[in-house]
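> Below: one structure in structure tokens.
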Amino acid sequence: GSGGKLYFRGIRNLDATVEYALTNLGLGEATELVVTGSSAGGLSTYLHTDRIVAMVQTRASRLELTRAAPVVGYFLDHDNYNYDSYNYTTWMKYIYGMQNLTTGALLPSCLKSFPSEPHYCFMSPHMEKFIKTPFFVFNSKYDEWQMVNILQAPCYKNHQNACTDSEQKAVMQYGKDFMTQFDSVESDKGHGGFITSCVCHGCSWDSLTKSEASQETAMDAYLAWINGKTTGAGSFHIDQRGPNGDGTIKLSSCKPFP
């Protein structure tokens, strides 16, 4: 009823889960730790990897390698197709206040840098630069969920058969804007990533390559990075093509364009 209190216990649940794994599942004996998650779990990977790593490091004396692999969690700070206030950034600002995200959920270094816009620390493109753990990004620059929920392109949001010329232009621009907001990740030599042009959210990472000529899949690229075989710019694999490889990618996981 009205006047009651609502409690969000995500951080406590996370801490309890890690503690249980350390105590009962042998995590304390780990030599390597990779934190990963997909979609909302991908965002959570950005938000909480350093917290998880810090907890495990205090108890796992043999731990030598700590990495993260966020999957389709790089959600842009971006206007929607109609340029109105019903957009993703507004939603994140609301959630920040509604869930009282001041209490341990977000990185203190990020909150210190955005005192007037603390909800930025709940958004991947703004907060990723404060993450200390090296990570490898799996994402589409034309992510299907973002086409529906962030860009809100009518042809994807309303499940129409084809995008209008105006909608196609907006989708193409979104891909360019994605890469602009991804610049800071690419500039960090410790990170890596595979950015596909497939319009997907549940992407086929074991099949996607960055070009028709390439035989290296996203998983191949990740394995090379985590095993130390690539560094710096060599760890980033960017599909430079338009949506669905300019029409050449025929995987069922890639939604049609236009």
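In the structure tokens, the first chain shown is A, the next is B, and so on; residue numbers restart at 1 for each chain, and ligands run from 1 in the order shown.
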Give me the region 121-209 of chain A side of the contact with region 70-92 of chain A, cut-off 10 Å, one line per residue showing its nearest atom pair and distance in Å at one decimal, counting only C-alpha atoms, sorted by chain and residue number, as CSV.

```
residue,atom,partner,partner_atom,distance
A:Cys121,CA,A:Met92,CA,9.6
A:Phe122,CA,A:Met92,CA,6.9
A:Met123,CA,A:Phe75,CA,6.9
A:Ser124,CA,A:Tyr74,CA,5.4
A:Pro125,CA,A:Leu76,CA,6.4
A:His126,CA,A:Asp77,CA,8.3
A:Glu128,CA,A:Tyr74,CA,9.3
A:Phe135,CA,A:Pro70,CA,7.3
A:Phe136,CA,A:Pro70,CA,6.8
A:Val137,CA,A:Pro70,CA,5.4
A:Phe138,CA,A:Val71,CA,4.7
A:Asn139,CA,A:Val72,CA,4.6
A:Ser140,CA,A:Val72,CA,7.0
A:Lys141,CA,A:Tyr74,CA,9.2
A:Asp143,CA,A:Val72,CA,7.5
A:Glu144,CA,A:Val72,CA,9.7
A:Trp145,CA,A:Val72,CA,9.1
A:Gln146,CA,A:Phe75,CA,7.0
A:Met147,CA,A:Asn80,CA,9.2
A:Val148,CA,A:Asn80,CA,9.5
A:Asn149,CA,A:Tyr88,CA,7.2
A:Ile150,CA,A:Tyr88,CA,5.4
A:Leu151,CA,A:Asn80,CA,4.2
A:Gln152,CA,A:Asn80,CA,5.6
A:Ala153,CA,A:Tyr81,CA,5.7
A:Pro154,CA,A:Tyr81,CA,8.0
A:Ser166,CA,A:Tyr81,CA,9.6
A:Glu167,CA,A:Tyr81,CA,8.0
A:Ala170,CA,A:Tyr81,CA,7.1
A:Val171,CA,A:Tyr81,CA,9.2
A:Tyr174,CA,A:His78,CA,8.5
A:Asp177,CA,A:His78,CA,8.4
A:Phe178,CA,A:Leu76,CA,6.8
A:Gln181,CA,A:Leu76,CA,7.3
A:Phe182,CA,A:Tyr74,CA,8.6
A:Gly193,CA,A:Pro70,CA,9.5
A:Phe194,CA,A:Val71,CA,9.9
A:Ile195,CA,A:Val72,CA,9.6
A:Cys200,CA,A:Val72,CA,9.1
A:His201,CA,A:Val72,CA,6.5
A:Gly202,CA,A:Val72,CA,8.2
A:Cys203,CA,A:Val72,CA,8.6
A:Trp205,CA,A:Val71,CA,9.9
```
> As a ChimeraX atom specification, please: every residue in region 24-247 of chain A that a backbone DSSP assignment puts in strand (DSSP E or B).
/A:32-38,65-71,135-140,192-196,209,217,236-238
> In Å, with one decimal, what is the gap from CA of Arg51 (chain A) to CA of Lys112 (chain A)?
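Separating CA of Arg51 (chain A) from CA of Lys112 (chain A) is a distance of 17.0 Å.
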> With a cut-off of 10 Å, could you pull out the residues of region 156-181 of chain A touching region 231-254 of chain A and give me the nearest pair of atoms for each, distance in Å to one decimal, using only C-alpha atoms, ordered by chain and ascending number, as CSV?

```
residue,atom,partner,partner_atom,distance
A:Gln168,CA,A:Pro243,CA,9.7
A:Val171,CA,A:Pro243,CA,8.4
A:Met172,CA,A:Gly242,CA,7.0
A:Gly175,CA,A:Gly242,CA,8.0
A:Lys176,CA,A:Gly242,CA,9.6
A:Met179,CA,A:Ile238,CA,9.2
```
> Generate the output file for the selected residues, N, CA and C atoms, as an mmCIF file, in the first residue's frame.

```cif
data_model
loop_
_atom_site.group_PDB
_atom_site.id
_atom_site.type_symbol
_atom_site.label_atom_id
_atom_site.label_comp_id
_atom_site.auth_asym_id
_atom_site.auth_seq_id
_atom_site.Cartn_x
_atom_site.Cartn_y
_atom_site.Cartn_z
ATOM 1 N N GLN A 168 16.015 4.011 -41.866
ATOM 2 C CA GLN A 168 17.296 3.432 -42.268
ATOM 3 C C GLN A 168 18.442 4.390 -41.949
ATOM 4 N N VAL A 171 19.135 4.315 -38.232
ATOM 5 C CA VAL A 171 19.845 3.094 -37.827
ATOM 6 C C VAL A 171 21.320 3.182 -38.203
ATOM 7 N N MET A 172 21.596 3.638 -39.409
ATOM 8 C CA MET A 172 22.984 3.781 -39.854
ATOM 9 C C MET A 172 23.740 4.766 -38.968
ATOM 10 N N GLY A 175 24.784 3.282 -35.613
ATOM 11 C CA GLY A 175 26.018 2.499 -35.669
ATOM 12 C C GLY A 175 27.249 3.377 -35.576
ATOM 13 N N LYS A 176 27.214 4.526 -36.238
ATOM 14 C CA LYS A 176 28.331 5.477 -36.167
ATOM 15 C C LYS A 176 28.455 6.040 -34.751
ATOM 16 N N MET A 179 30.121 3.616 -32.326
ATOM 17 C CA MET A 179 31.568 3.581 -32.408
ATOM 18 C C MET A 179 32.195 4.822 -31.783
#
```
> Write down as a ChimeraX atom specification the residues belonging to region 63-235 of chain A that are assigned helix (DSSP H, G or I) by DSSP computed on the backbone.
/A:88-98,108-113,118-122,124-130,144-149,154-157,165-181,183-186,218-226,232-235
> Given only C-alpha atoms, how would the per-residue table for region 40-145 of chain A near region 5-10 of chain A read, listing every residue at most 10 Å away with its closest atom pair and distance in Å to one decimal, sorted by chain and number, as JSON lines?

```
{"residue": "A:Met98", "atom": "CA", "partner": "A:Leu6", "partner_atom": "CA", "distance": 9.5}
{"residue": "A:Gln99", "atom": "CA", "partner": "A:Phe8", "partner_atom": "CA", "distance": 6.6}
{"residue": "A:Asn100", "atom": "CA", "partner": "A:Phe8", "partner_atom": "CA", "distance": 8.6}
{"residue": "A:Leu101", "atom": "CA", "partner": "A:Phe8", "partner_atom": "CA", "distance": 9.5}
{"residue": "A:Ala105", "atom": "CA", "partner": "A:Gly10", "partner_atom": "CA", "distance": 8.4}
```
> Emit the selected residues as a PDB file, in the first residue's frame, including all heavy atoms.

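Everything below was put into again.pdb:
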```pdb
ATOM      1  N   MET A  98      15.070   5.821  -7.957  1.00  0.00           N
ATOM      2  CA  MET A  98      14.080   4.891  -7.422  1.00  0.00           C
ATOM      3  C   MET A  98      14.713   3.757  -6.634  1.00  0.00           C
ATOM      4  O   MET A  98      14.211   3.330  -5.596  1.00  0.00           O
ATOM      5  CB  MET A  98      13.227   4.355  -8.579  1.00  0.00           C
ATOM      6  CG  MET A  98      12.079   3.449  -8.172  1.00  0.00           C
ATOM      7  SD  MET A  98      12.542   1.693  -8.201  1.00  0.00           S
ATOM      8  CE  MET A  98      12.706   1.402  -9.960  1.00  0.00           C
ATOM      9  N   GLN A  99      15.865   3.274  -7.107  1.00  0.00           N
ATOM     10  CA  GLN A  99      16.533   2.165  -6.433  1.00  0.00           C
ATOM     11  C   GLN A  99      17.608   2.628  -5.453  1.00  0.00           C
ATOM     12  O   GLN A  99      18.289   1.794  -4.866  1.00  0.00           O
ATOM     13  CB  GLN A  99      17.135   1.211  -7.466  1.00  0.00           C
ATOM     14  CG  GLN A  99      16.096   0.504  -8.319  1.00  0.00           C
ATOM     15  CD  GLN A  99      16.690  -0.596  -9.179  1.00  0.00           C
ATOM     16  OE1 GLN A  99      17.899  -0.825  -9.184  1.00  0.00           O
ATOM     17  NE2 GLN A  99      15.839  -1.290  -9.911  1.00  0.00           N
ATOM     18  N   ASN A 100      17.762   3.937  -5.292  1.00  0.00           N
ATOM     19  CA  ASN A 100      18.748   4.483  -4.353  1.00  0.00           C
ATOM     20  C   ASN A 100      20.131   3.893  -4.612  1.00  0.00           C
ATOM     21  O   ASN A 100      20.757   3.293  -3.742  1.00  0.00           O
ATOM     22  CB  ASN A 100      18.322   4.224  -2.901  1.00  0.00           C
ATOM     23  CG  ASN A 100      19.208   4.963  -1.909  1.00  0.00           C
ATOM     24  OD1 ASN A 100      19.781   6.009  -2.233  1.00  0.00           O
ATOM     25  ND2 ASN A 100      19.315   4.436  -0.706  1.00  0.00           N
ATOM     26  N   LEU A 101      20.621   4.089  -5.838  1.00  0.00           N
ATOM     27  CA  LEU A 101      21.873   3.464  -6.248  1.00  0.00           C
ATOM     28  C   LEU A 101      23.113   4.132  -5.663  1.00  0.00           C
ATOM     29  O   LEU A 101      24.230   3.865  -6.106  1.00  0.00           O
ATOM     30  CB  LEU A 101      21.957   3.447  -7.783  1.00  0.00           C
ATOM     31  CG  LEU A 101      20.935   2.552  -8.475  1.00  0.00           C
ATOM     32  CD1 LEU A 101      21.068   2.639  -9.985  1.00  0.00           C
ATOM     33  CD2 LEU A 101      21.084   1.105  -8.026  1.00  0.00           C
ATOM     34  N   ALA A 105      26.201   0.320  -5.068  1.00  0.00           N
ATOM     35  CA  ALA A 105      25.964  -0.336  -6.349  1.00  0.00           C
ATOM     36  C   ALA A 105      26.850   0.206  -7.463  1.00  0.00           C
ATOM     37  O   ALA A 105      27.116  -0.488  -8.435  1.00  0.00           O
ATOM     38  CB  ALA A 105      24.500  -0.199  -6.742  1.00  0.00           C
TER      39      ALA A 105
END
```
> Quick check, in Å to one decimal: how far apart do CA of Lys93 (chain A) and CA of Thr180 (chain A) lie?
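Here the two named atoms are 22.0 Å from each other.
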> Residues within 10 Å of Thr49 (chain A), please, as a PyMOL selection string. Count only C-alpha atoms; anything in the same chain fewer than 5 positions from it doesn't count.
chain A and resi 34-36+44+54-55+66-70+131-135
> So, counting only C-alpha atoms, which residue among A:Val18, A:Asp50, A:Phe257, A:Gly4 is closest to Ala162 (chain A)?
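Of A:Val18, A:Asp50, A:Phe257, A:Gly4, the one nearest Ala162 (chain A), counting only C-alpha atoms, is A:Phe257.
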> Residues within 9 Å of Met127 (chain A), please, as JSON, numbers by chain. Count only C-alpha atoms; anything in the same chain fewer than 5 positions from it doesn't count.
{"A": [46, 47, 106, 107, 110, 111, 120, 121, 122]}
> I want to know what sits within 9 Å of Thr102 (chain A), based on only C-alpha atoms, with residues of the same chain fewer than 6 positions away left out; could you give that as a compact mmCIF listing (two decimals) with all heavy atoms, in the first residue's frame?

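Output below, filename around_9.txt:
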```txt
# COMPACT_ATOMS: atom_id res chain seq x y z
N TYR A 96 18.05 5.22 -11.12
CA TYR A 96 19.07 5.63 -10.15
C TYR A 96 18.43 6.15 -8.86
O TYR A 96 18.84 5.78 -7.76
CB TYR A 96 19.97 6.71 -10.75
CG TYR A 96 20.91 7.33 -9.73
CD1 TYR A 96 22.11 6.71 -9.41
CD2 TYR A 96 20.57 8.50 -9.05
CE1 TYR A 96 22.95 7.24 -8.44
CE2 TYR A 96 21.41 9.04 -8.09
CZ TYR A 96 22.59 8.41 -7.79
OH TYR A 96 23.42 8.94 -6.82
N PRO A 108 32.57 4.28 -6.79
CA PRO A 108 32.77 5.57 -6.13
C PRO A 108 33.56 6.56 -6.98
O PRO A 108 33.27 7.76 -6.98
CB PRO A 108 33.54 5.19 -4.86
CG PRO A 108 33.16 3.78 -4.60
CD PRO A 108 33.01 3.15 -5.95
N LEU A 111 31.13 8.12 -9.44
CA LEU A 111 30.22 9.05 -8.77
C LEU A 111 30.91 10.37 -8.43
O LEU A 111 30.31 11.44 -8.53
CB LEU A 111 29.65 8.41 -7.51
CG LEU A 111 28.68 7.24 -7.73
CD1 LEU A 111 28.39 6.54 -6.41
CD2 LEU A 111 27.39 7.72 -8.37
N PRO A 118 24.83 11.68 -11.42
CA PRO A 118 25.30 10.38 -10.92
C PRO A 118 24.71 9.19 -11.67
O PRO A 118 25.31 8.11 -11.65
CB PRO A 118 24.87 10.39 -9.45
CG PRO A 118 23.74 11.38 -9.39
CD PRO A 118 24.09 12.43 -10.39
```
> What does the structure give for the distance between CA of Tyr94 (chain A) and CA of Asp15 (chain A), in Å to one decimal?
24.5 Å
> Would you kindly return, as a list of chain:residue names, each protein, DNA or RNA residue with an atom no farther than 8 Å from any atom of region 21-27 of chain A, considering only C-alpha atoms and excluding same-chain residues fewer than 6 positions away?
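Contacts, in chain order: A:Val56, A:Arg59, A:Ala60.
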